[in-house]
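Student: What follows is entry15.pdb, made up of PDB, N, CA and C atoms, pLDDT in the B column:
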```pdb
ATOM      1  N   MET D   7    -166.826 202.420  92.914  1.00 63.00           N
ATOM      2  CA  MET D   7    -167.487 201.356  92.182  1.00 63.00           C
ATOM      3  C   MET D   7    -168.987 201.326  92.497  1.00 63.00           C
ATOM      4  N   GLY D   8    -169.320 201.514  93.781  1.00 72.00           N
ATOM      5  CA  GLY D   8    -170.721 201.503  94.185  1.00 72.00           C
ATOM      6  C   GLY D   8    -171.500 202.676  93.608  1.00 72.00           C
ATOM      7  N   LEU D   9    -170.828 203.832  93.499  1.00 77.00           N
ATOM      8  CA  LEU D   9    -171.498 205.006  92.936  1.00 77.00           C
ATOM      9  C   LEU D   9    -171.818 204.815  91.463  1.00 77.00           C
ATOM     10  N   ILE D  10    -170.930 204.153  90.754  1.00 80.00           N
ATOM     11  CA  ILE D  10    -171.169 203.889  89.331  1.00 80.00           C
ATOM     12  C   ILE D  10    -172.374 202.968  89.175  1.00 80.00           C
ATOM     13  N   PHE D  11    -172.447 201.954  90.019  1.00 79.00           N
ATOM     14  CA  PHE D  11    -173.588 201.034  89.985  1.00 79.00           C
ATOM     15  C   PHE D  11    -174.885 201.778  90.289  1.00 79.00           C
ATOM     16  N   LEU D  12    -174.876 202.598  91.347  1.00 76.00           N
ATOM     17  CA  LEU D  12    -176.061 203.368  91.712  1.00 76.00           C
ATOM     18  C   LEU D  12    -176.478 204.304  90.589  1.00 76.00           C
ATOM     19  N   TYR D  13    -175.507 204.970  89.971  1.00 77.00           N
ATOM     20  CA  TYR D  13    -175.791 205.867  88.852  1.00 77.00           C
ATOM     21  C   TYR D  13    -176.457 205.100  87.709  1.00 77.00           C
ATOM     22  N   ASN D  14    -175.914 203.946  87.360  1.00 77.00           N
ATOM     23  CA  ASN D  14    -176.482 203.155  86.263  1.00 77.00           C
ATOM     24  C   ASN D  14    -177.905 202.705  86.573  1.00 77.00           C
ATOM     25  N   VAL D  15    -178.158 202.321  87.809  1.00 73.00           N
ATOM     26  CA  VAL D  15    -179.513 201.904  88.191  1.00 73.00           C
ATOM     27  C   VAL D  15    -180.474 203.073  88.064  1.00 73.00           C
ATOM     28  N   LEU D  16    -180.071 204.245  88.574  1.00 72.00           N
ATOM     29  CA  LEU D  16    -180.950 205.417  88.495  1.00 72.00           C
ATOM     30  C   LEU D  16    -181.206 205.847  87.066  1.00 72.00           C
ATOM     31  N   VAL D  17    -180.182 205.837  86.232  1.00 74.00           N
ATOM     32  CA  VAL D  17    -180.356 206.219  84.831  1.00 74.00           C
ATOM     33  C   VAL D  17    -181.300 205.254  84.127  1.00 74.00           C
ATOM     34  N   ASN D  18    -181.167 203.975  84.400  1.00 72.00           N
ATOM     35  CA  ASN D  18    -182.069 202.999  83.783  1.00 72.00           C
ATOM     36  C   ASN D  18    -183.503 203.209  84.241  1.00 72.00           C
ATOM     37  N   GLN D  19    -183.707 203.529  85.522  1.00 71.00           N
ATOM     38  CA  GLN D  19    -185.052 203.778  86.023  1.00 71.00           C
ATOM     39  C   GLN D  19    -185.664 205.009  85.363  1.00 71.00           C
ATOM     40  N   VAL D  20    -184.875 206.056  85.193  1.00 68.00           N
ATOM     41  CA  VAL D  20    -185.373 207.268  84.549  1.00 68.00           C
ATOM     42  C   VAL D  20    -185.761 206.971  83.104  1.00 68.00           C
ATOM     43  N   GLU D  21    -184.948 206.202  82.404  1.00 68.00           N
ATOM     44  CA  GLU D  21    -185.271 205.859  81.019  1.00 68.00           C
ATOM     45  C   GLU D  21    -186.569 205.069  80.940  1.00 68.00           C
ATOM     46  N   ILE D  22    -186.786 204.162  81.867  1.00 66.00           N
ATOM     47  CA  ILE D  22    -188.023 203.371  81.872  1.00 66.00           C
ATOM     48  C   ILE D  22    -189.214 204.283  82.149  1.00 66.00           C
ATOM     49  N   LEU D  23    -189.080 205.192  83.111  1.00 62.00           N
ATOM     50  CA  LEU D  23    -190.176 206.109  83.418  1.00 62.00           C
ATOM     51  C   LEU D  23    -190.514 207.003  82.242  1.00 62.00           C
ATOM     52  N   VAL D  24    -189.502 207.476  81.543  1.00 62.00           N
ATOM     53  CA  VAL D  24    -189.734 208.347  80.398  1.00 62.00           C
ATOM     54  C   VAL D  24    -190.448 207.592  79.289  1.00 62.00           C
ATOM     55  N   GLU D  25    -190.080 206.346  79.060  1.00 63.00           N
ATOM     56  CA  GLU D  25    -190.701 205.569  77.995  1.00 63.00           C
ATOM     57  C   GLU D  25    -192.159 205.236  78.296  1.00 63.00           C
ATOM     58  N   GLU D  26    -192.494 204.998  79.557  1.00 65.00           N
ATOM     59  CA  GLU D  26    -193.831 204.533  79.905  1.00 65.00           C
ATOM     60  C   GLU D  26    -194.797 205.650  80.288  1.00 65.00           C
ATOM     61  N   ASP D  27    -194.317 206.856  80.464  1.00 63.00           N
ATOM     62  CA  ASP D  27    -195.120 207.875  81.112  1.00 63.00           C
ATOM     63  C   ASP D  27    -195.812 208.852  80.165  1.00 63.00           C
ATOM     64  N   ASN D  28    -195.557 208.808  78.900  1.00 69.00           N
ATOM     65  CA  ASN D  28    -196.201 209.689  77.912  1.00 69.00           C
ATOM     66  C   ASN D  28    -196.025 211.170  78.235  1.00 69.00           C
ATOM     67  N   GLY D  29    -194.856 211.554  78.693  1.00 71.00           N
ATOM     68  CA  GLY D  29    -194.571 212.954  78.929  1.00 71.00           C
ATOM     69  C   GLY D  29    -194.861 213.456  80.330  1.00 71.00           C
ATOM     70  N   GLN D  30    -195.549 212.693  81.142  1.00 77.00           N
ATOM     71  CA  GLN D  30    -195.863 213.118  82.505  1.00 77.00           C
ATOM     72  C   GLN D  30    -194.588 213.292  83.323  1.00 77.00           C
ATOM     73  N   PHE D  31    -193.629 212.409  83.159  1.00 73.00           N
ATOM     74  CA  PHE D  31    -192.373 212.481  83.904  1.00 73.00           C
ATOM     75  C   PHE D  31    -191.627 213.767  83.563  1.00 73.00           C
ATOM     76  N   ILE D  32    -191.578 214.108  82.279  1.00 75.00           N
ATOM     77  CA  ILE D  32    -190.893 215.325  81.845  1.00 75.00           C
ATOM     78  C   ILE D  32    -191.586 216.555  82.432  1.00 75.00           C
ATOM     79  N   ARG D  33    -192.918 216.556  82.442  1.00 81.00           N
ATOM     80  CA  ARG D  33    -193.655 217.680  83.028  1.00 81.00           C
ATOM     81  C   ARG D  33    -193.340 217.846  84.505  1.00 81.00           C
ATOM     82  N   GLU D  34    -193.241 216.743  85.223  1.00 81.00           N
ATOM     83  CA  GLU D  34    -192.929 216.809  86.650  1.00 81.00           C
ATOM     84  C   GLU D  34    -191.511 217.331  86.882  1.00 81.00           C
ATOM     85  N   ILE D  35    -190.566 216.939  86.054  1.00 80.00           N
ATOM     86  CA  ILE D  35    -189.197 217.433  86.175  1.00 80.00           C
ATOM     87  C   ILE D  35    -189.148 218.928  85.898  1.00 80.00           C
ATOM     88  N   VAL D  36    -189.839 219.380  84.863  1.00 85.00           N
ATOM     89  CA  VAL D  36    -189.873 220.804  84.525  1.00 85.00           C
ATOM     90  C   VAL D  36    -190.541 221.587  85.652  1.00 85.00           C
ATOM     91  N   ARG D  37    -191.620 221.063  86.193  1.00 89.00           N
ATOM     92  CA  ARG D  37    -192.307 221.731  87.297  1.00 89.00           C
ATOM     93  C   ARG D  37    -191.391 221.851  88.517  1.00 89.00           C
ATOM     94  N   ALA D  38    -190.671 220.800  88.842  1.00 89.00           N
ATOM     95  CA  ALA D  38    -189.753 220.847  89.982  1.00 89.00           C
ATOM     96  C   ALA D  38    -188.643 221.867  89.754  1.00 89.00           C
ATOM     97  N   CYS D  39    -188.141 221.944  88.534  1.00 89.00           N
ATOM     98  CA  CYS D  39    -187.093 222.928  88.219  1.00 89.00           C
ATOM     99  C   CYS D  39    -187.626 224.355  88.328  1.00 89.00           C
ATOM    100  N   LEU D  40    -188.842 224.573  87.869  1.00 92.00           N
ATOM    101  CA  LEU D  40    -189.438 225.905  87.985  1.00 92.00           C
ATOM    102  C   LEU D  40    -189.629 226.300  89.448  1.00 92.00           C
ATOM    103  N   TYR D  41    -190.129 225.379  90.251  1.00 92.00           N
ATOM    104  CA  TYR D  41    -190.274 225.661  91.679  1.00 92.00           C
ATOM    105  C   TYR D  41    -188.926 225.991  92.304  1.00 92.00           C
ATOM    106  N   ALA D  42    -187.906 225.231  91.941  1.00 92.00           N
ATOM    107  CA  ALA D  42    -186.567 225.481  92.486  1.00 92.00           C
ATOM    108  C   ALA D  42    -186.051 226.849  92.043  1.00 92.00           C
ATOM    109  N   CYS D  43    -186.323 227.221  90.793  1.00 93.00           N
ATOM    110  CA  CYS D  43    -185.866 228.532  90.286  1.00 93.00           C
ATOM    111  C   CYS D  43    -186.547 229.683  91.020  1.00 93.00           C
ATOM    112  N   ILE D  44    -187.719 229.448  91.554  1.00 91.00           N
ATOM    113  CA  ILE D  44    -188.423 230.498  92.299  1.00 91.00           C
ATOM    114  C   ILE D  44    -188.009 230.501  93.766  1.00 91.00           C
ATOM    115  N   TRP D  45    -188.040 229.347  94.411  1.00 89.00           N
ATOM    116  CA  TRP D  45    -187.875 229.299  95.864  1.00 89.00           C
ATOM    117  C   TRP D  45    -186.429 229.400  96.335  1.00 89.00           C
ATOM    118  N   ILE D  46    -185.487 228.832  95.626  1.00 87.00           N
ATOM    119  CA  ILE D  46    -184.093 228.889  96.081  1.00 87.00           C
ATOM    120  C   ILE D  46    -183.594 230.335  96.138  1.00 87.00           C
ATOM    121  N   PRO D  47    -183.771 231.140  95.088  1.00 88.00           N
ATOM    122  CA  PRO D  47    -183.351 232.546  95.215  1.00 88.00           C
ATOM    123  C   PRO D  47    -184.115 233.299  96.307  1.00 88.00           C
ATOM    124  N   TYR D  48    -185.376 232.965  96.495  1.00 87.00           N
ATOM    125  CA  TYR D  48    -186.164 233.610  97.550  1.00 87.00           C
ATOM    126  C   TYR D  48    -185.539 233.351  98.916  1.00 87.00           C
ATOM    127  N   PHE D  49    -185.187 232.097  99.187  1.00 83.00           N
ATOM    128  CA  PHE D  49    -184.580 231.769 100.472  1.00 83.00           C
ATOM    129  C   PHE D  49    -183.192 232.378 100.619  1.00 83.00           C
ATOM    130  N   ILE D  50    -182.474 232.521  99.550  1.00 84.00           N
ATOM    131  CA  ILE D  50    -181.117 233.065  99.619  1.00 84.00           C
ATOM    132  C   ILE D  50    -181.148 234.591  99.733  1.00 84.00           C
ATOM    133  N   ARG D  51    -182.026 235.253  99.010  1.00 84.00           N
ATOM    134  CA  ARG D  51    -181.981 236.703  98.885  1.00 84.00           C
ATOM    135  C   ARG D  51    -182.582 237.480 100.051  1.00 84.00           C
ATOM    136  N   PHE D  52    -183.755 237.064 100.513  1.00 84.00           N
ATOM    137  CA  PHE D  52    -184.483 237.886 101.458  1.00 84.00           C
ATOM    138  C   PHE D  52    -184.021 237.662 102.889  1.00 84.00           C
ATOM    139  N   LYS D  53    -183.731 238.758 103.546  1.00 81.00           N
ATOM    140  CA  LYS D  53    -183.165 238.739 104.897  1.00 81.00           C
ATOM    141  C   LYS D  53    -184.164 238.189 105.910  1.00 81.00           C
ATOM    142  N   CYS D  54    -185.437 238.525 105.773  1.00 82.00           N
ATOM    143  CA  CYS D  54    -186.429 238.041 106.748  1.00 82.00           C
ATOM    144  C   CYS D  54    -186.541 236.513 106.718  1.00 82.00           C
ATOM    145  N   VAL D  55    -186.426 235.932 105.557  1.00 75.00           N
ATOM    146  CA  VAL D  55    -186.454 234.474 105.446  1.00 75.00           C
ATOM    147  C   VAL D  55    -185.175 233.891 106.042  1.00 75.00           C
ATOM    148  N   ARG D  56    -184.065 234.506 105.742  1.00 73.00           N
ATOM    149  CA  ARG D  56    -182.783 234.045 106.254  1.00 73.00           C
ATOM    150  C   ARG D  56    -182.757 234.094 107.786  1.00 73.00           C
ATOM    151  N   ASN D  57    -183.338 235.127 108.363  1.00 78.00           N
ATOM    152  CA  ASN D  57    -183.377 235.251 109.818  1.00 78.00           C
ATOM    153  C   ASN D  57    -184.358 234.256 110.467  1.00 78.00           C
ATOM    154  N   THR D  58    -185.360 233.834 109.722  1.00 80.00           N
ATOM    155  CA  THR D  58    -186.319 232.875 110.249  1.00 80.00           C
ATOM    156  C   THR D  58    -185.691 231.496 110.385  1.00 80.00           C
ATOM    157  N   PHE D  59    -184.893 231.097 109.410  1.00 69.00           N
ATOM    158  CA  PHE D  59    -184.317 229.763 109.394  1.00 69.00           C
ATOM    159  C   PHE D  59    -182.860 229.802 109.833  1.00 69.00           C
ATOM    160  N   VAL D  60    -182.663 230.086 111.120  1.00 72.00           N
ATOM    161  CA  VAL D  60    -181.317 230.089 111.697  1.00 72.00           C
ATOM    162  C   VAL D  60    -181.241 228.997 112.754  1.00 72.00           C
ATOM    163  N   ASN D  61    -180.026 228.581 113.058  1.00 65.00           N
ATOM    164  CA  ASN D  61    -179.848 227.515 114.059  1.00 65.00           C
ATOM    165  C   ASN D  61    -180.101 228.039 115.430  1.00 65.00           C
TER     166      ASN D  61
END
```
Please express what this file holds, its structure, as structure tokens.

Tutor:
Amino acid sequence: MGLIFLYNVLVNQVEILVEEDNGQFIREIVRACLYACIWIPYFIRFKCVRNTFVN
């Protein structure tokens, strides 16, 4: 029940940001996705990076 409430609050906040932001919010989301598409495979694929971030 709490997760549904949290989800509804977050969705409403995103809708408000999209309406008031004139596209800036969408640009930031796209930029974050592009960064993730570059860095996540980099951290997963390369052995030297994997060896750097070990416990």

Student: How many Å separate atom N of Val17 (chain D) from CA of Phe31 (chain D)?

Tutor: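 Answer for the atom N of Val17 (chain D) to CA of Phe31 (chain D) separation: 14.1 Å.
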
Student: If I take atom N of Gln30 (chain D) and atom C of Asn18 (chain D), how far is one from the other in Å, to one decimal?

Tutor: 15.6 Å

Student: How many Å separate atom N of Ile50 (chain D) from CA of Glu34 (chain D)?

Tutor: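 Straight-line distance from atom N of Ile50 (chain D) to CA of Glu34 (chain D) works out to 22.9 Å.
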
Student: Please determine an axis-aligned box that encloses all atoms of region 41-48 of chain D listed in the file, with 5 Å added on each side, and express its centre and edge lengths in Å to one decimal as JSON.

Tutor:
```
{"center_x": -186.8, "center_y": 229.4, "center_z": 94.6, "size_x": 16.9, "size_y": 18.4, "size_z": 18.7}
```

Student: Can you sort out region 9-20 of chain D so it carries all heavy atoms, written as a CSV table (one decimal), in the coordinates of the input?

Tutor:
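Listing of selection09.csv after writing:
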```csv
chain,number,residue,atom,x,y,z
D,9,LEU,N,-170.8,203.8,93.5
D,9,LEU,CA,-171.5,205.0,92.9
D,9,LEU,C,-171.8,204.8,91.5
D,9,LEU,O,-172.9,205.3,91.0
D,9,LEU,CB,-170.6,206.2,93.1
D,9,LEU,CG,-170.5,206.7,94.6
D,9,LEU,CD1,-169.6,207.9,94.6
D,9,LEU,CD2,-171.9,207.1,95.1
D,10,ILE,N,-170.9,204.2,90.8
D,10,ILE,CA,-171.2,203.9,89.3
D,10,ILE,C,-172.4,203.0,89.2
D,10,ILE,O,-173.2,203.2,88.3
D,10,ILE,CB,-169.9,203.3,88.7
D,10,ILE,CG1,-168.8,204.3,88.7
D,10,ILE,CG2,-170.2,202.8,87.3
D,10,ILE,CD1,-167.5,203.8,88.2
D,11,PHE,N,-172.4,202.0,90.0
D,11,PHE,CA,-173.6,201.0,90.0
D,11,PHE,C,-174.9,201.8,90.3
D,11,PHE,O,-175.9,201.6,89.6
D,11,PHE,CB,-173.4,199.9,91.0
D,11,PHE,CG,-174.6,199.0,91.1
D,11,PHE,CD1,-174.9,198.1,90.1
D,11,PHE,CD2,-175.4,199.1,92.2
D,11,PHE,CE1,-176.0,197.3,90.2
D,11,PHE,CE2,-176.5,198.3,92.3
D,11,PHE,CZ,-176.8,197.3,91.3
D,12,LEU,N,-174.9,202.6,91.3
D,12,LEU,CA,-176.1,203.4,91.7
D,12,LEU,C,-176.5,204.3,90.6
D,12,LEU,O,-177.7,204.4,90.3
D,12,LEU,CB,-175.8,204.2,93.0
D,12,LEU,CG,-176.9,205.0,93.5
D,12,LEU,CD1,-178.1,204.1,93.9
D,12,LEU,CD2,-176.5,205.8,94.7
D,13,TYR,N,-175.5,205.0,90.0
D,13,TYR,CA,-175.8,205.9,88.9
D,13,TYR,C,-176.5,205.1,87.7
D,13,TYR,O,-177.5,205.5,87.1
D,13,TYR,CB,-174.5,206.5,88.4
D,13,TYR,CG,-174.7,207.4,87.1
D,13,TYR,CD1,-175.3,208.6,87.2
D,13,TYR,CD2,-174.3,206.9,85.9
D,13,TYR,CE1,-175.4,209.4,86.1
D,13,TYR,CE2,-174.5,207.7,84.8
D,13,TYR,CZ,-175.0,208.9,84.9
D,13,TYR,OH,-175.2,209.7,83.7
D,14,ASN,N,-175.9,203.9,87.4
D,14,ASN,CA,-176.5,203.2,86.3
D,14,ASN,C,-177.9,202.7,86.6
D,14,ASN,O,-178.8,202.7,85.7
D,14,ASN,CB,-175.6,202.0,86.0
D,14,ASN,CG,-174.3,202.3,85.2
D,14,ASN,OD1,-174.3,203.3,84.5
D,14,ASN,ND2,-173.3,201.6,85.4
D,15,VAL,N,-178.2,202.3,87.8
D,15,VAL,CA,-179.5,201.9,88.2
D,15,VAL,C,-180.5,203.1,88.1
D,15,VAL,O,-181.6,202.9,87.5
D,15,VAL,CB,-179.5,201.3,89.6
D,15,VAL,CG1,-180.9,201.2,90.1
D,15,VAL,CG2,-178.8,200.0,89.7
D,16,LEU,N,-180.1,204.2,88.6
D,16,LEU,CA,-181.0,205.4,88.5
D,16,LEU,C,-181.2,205.8,87.1
D,16,LEU,O,-182.3,206.2,86.7
D,16,LEU,CB,-180.4,206.6,89.3
D,16,LEU,CG,-180.4,206.4,90.8
D,16,LEU,CD1,-179.6,207.5,91.5
D,16,LEU,CD2,-181.8,206.2,91.4
D,17,VAL,N,-180.2,205.8,86.2
D,17,VAL,CA,-180.4,206.2,84.8
D,17,VAL,C,-181.3,205.3,84.1
D,17,VAL,O,-182.2,205.7,83.4
D,17,VAL,CB,-179.0,206.3,84.1
D,17,VAL,CG1,-179.2,206.4,82.6
D,17,VAL,CG2,-178.2,207.5,84.6
D,18,ASN,N,-181.2,204.0,84.4
D,18,ASN,CA,-182.1,203.0,83.8
D,18,ASN,C,-183.5,203.2,84.2
D,18,ASN,O,-184.4,203.1,83.5
D,18,ASN,CB,-181.6,201.6,84.1
D,18,ASN,CG,-180.4,201.2,83.3
D,18,ASN,OD1,-180.1,201.7,82.3
D,18,ASN,ND2,-179.6,200.3,83.9
D,19,GLN,N,-183.7,203.5,85.5
D,19,GLN,CA,-185.1,203.8,86.0
D,19,GLN,C,-185.7,205.0,85.4
D,19,GLN,O,-186.8,205.0,85.0
D,19,GLN,CB,-185.0,203.9,87.5
D,19,GLN,CG,-184.7,202.7,88.3
D,19,GLN,CD,-185.7,201.6,88.0
D,19,GLN,OE1,-186.9,201.8,88.0
D,19,GLN,NE2,-185.2,200.4,87.9
D,20,VAL,N,-184.9,206.1,85.2
D,20,VAL,CA,-185.4,207.3,84.5
D,20,VAL,C,-185.8,207.0,83.1
D,20,VAL,O,-186.8,207.4,82.6
D,20,VAL,CB,-184.3,208.4,84.6
D,20,VAL,CG1,-184.7,209.6,83.7
D,20,VAL,CG2,-184.2,208.9,86.1
```
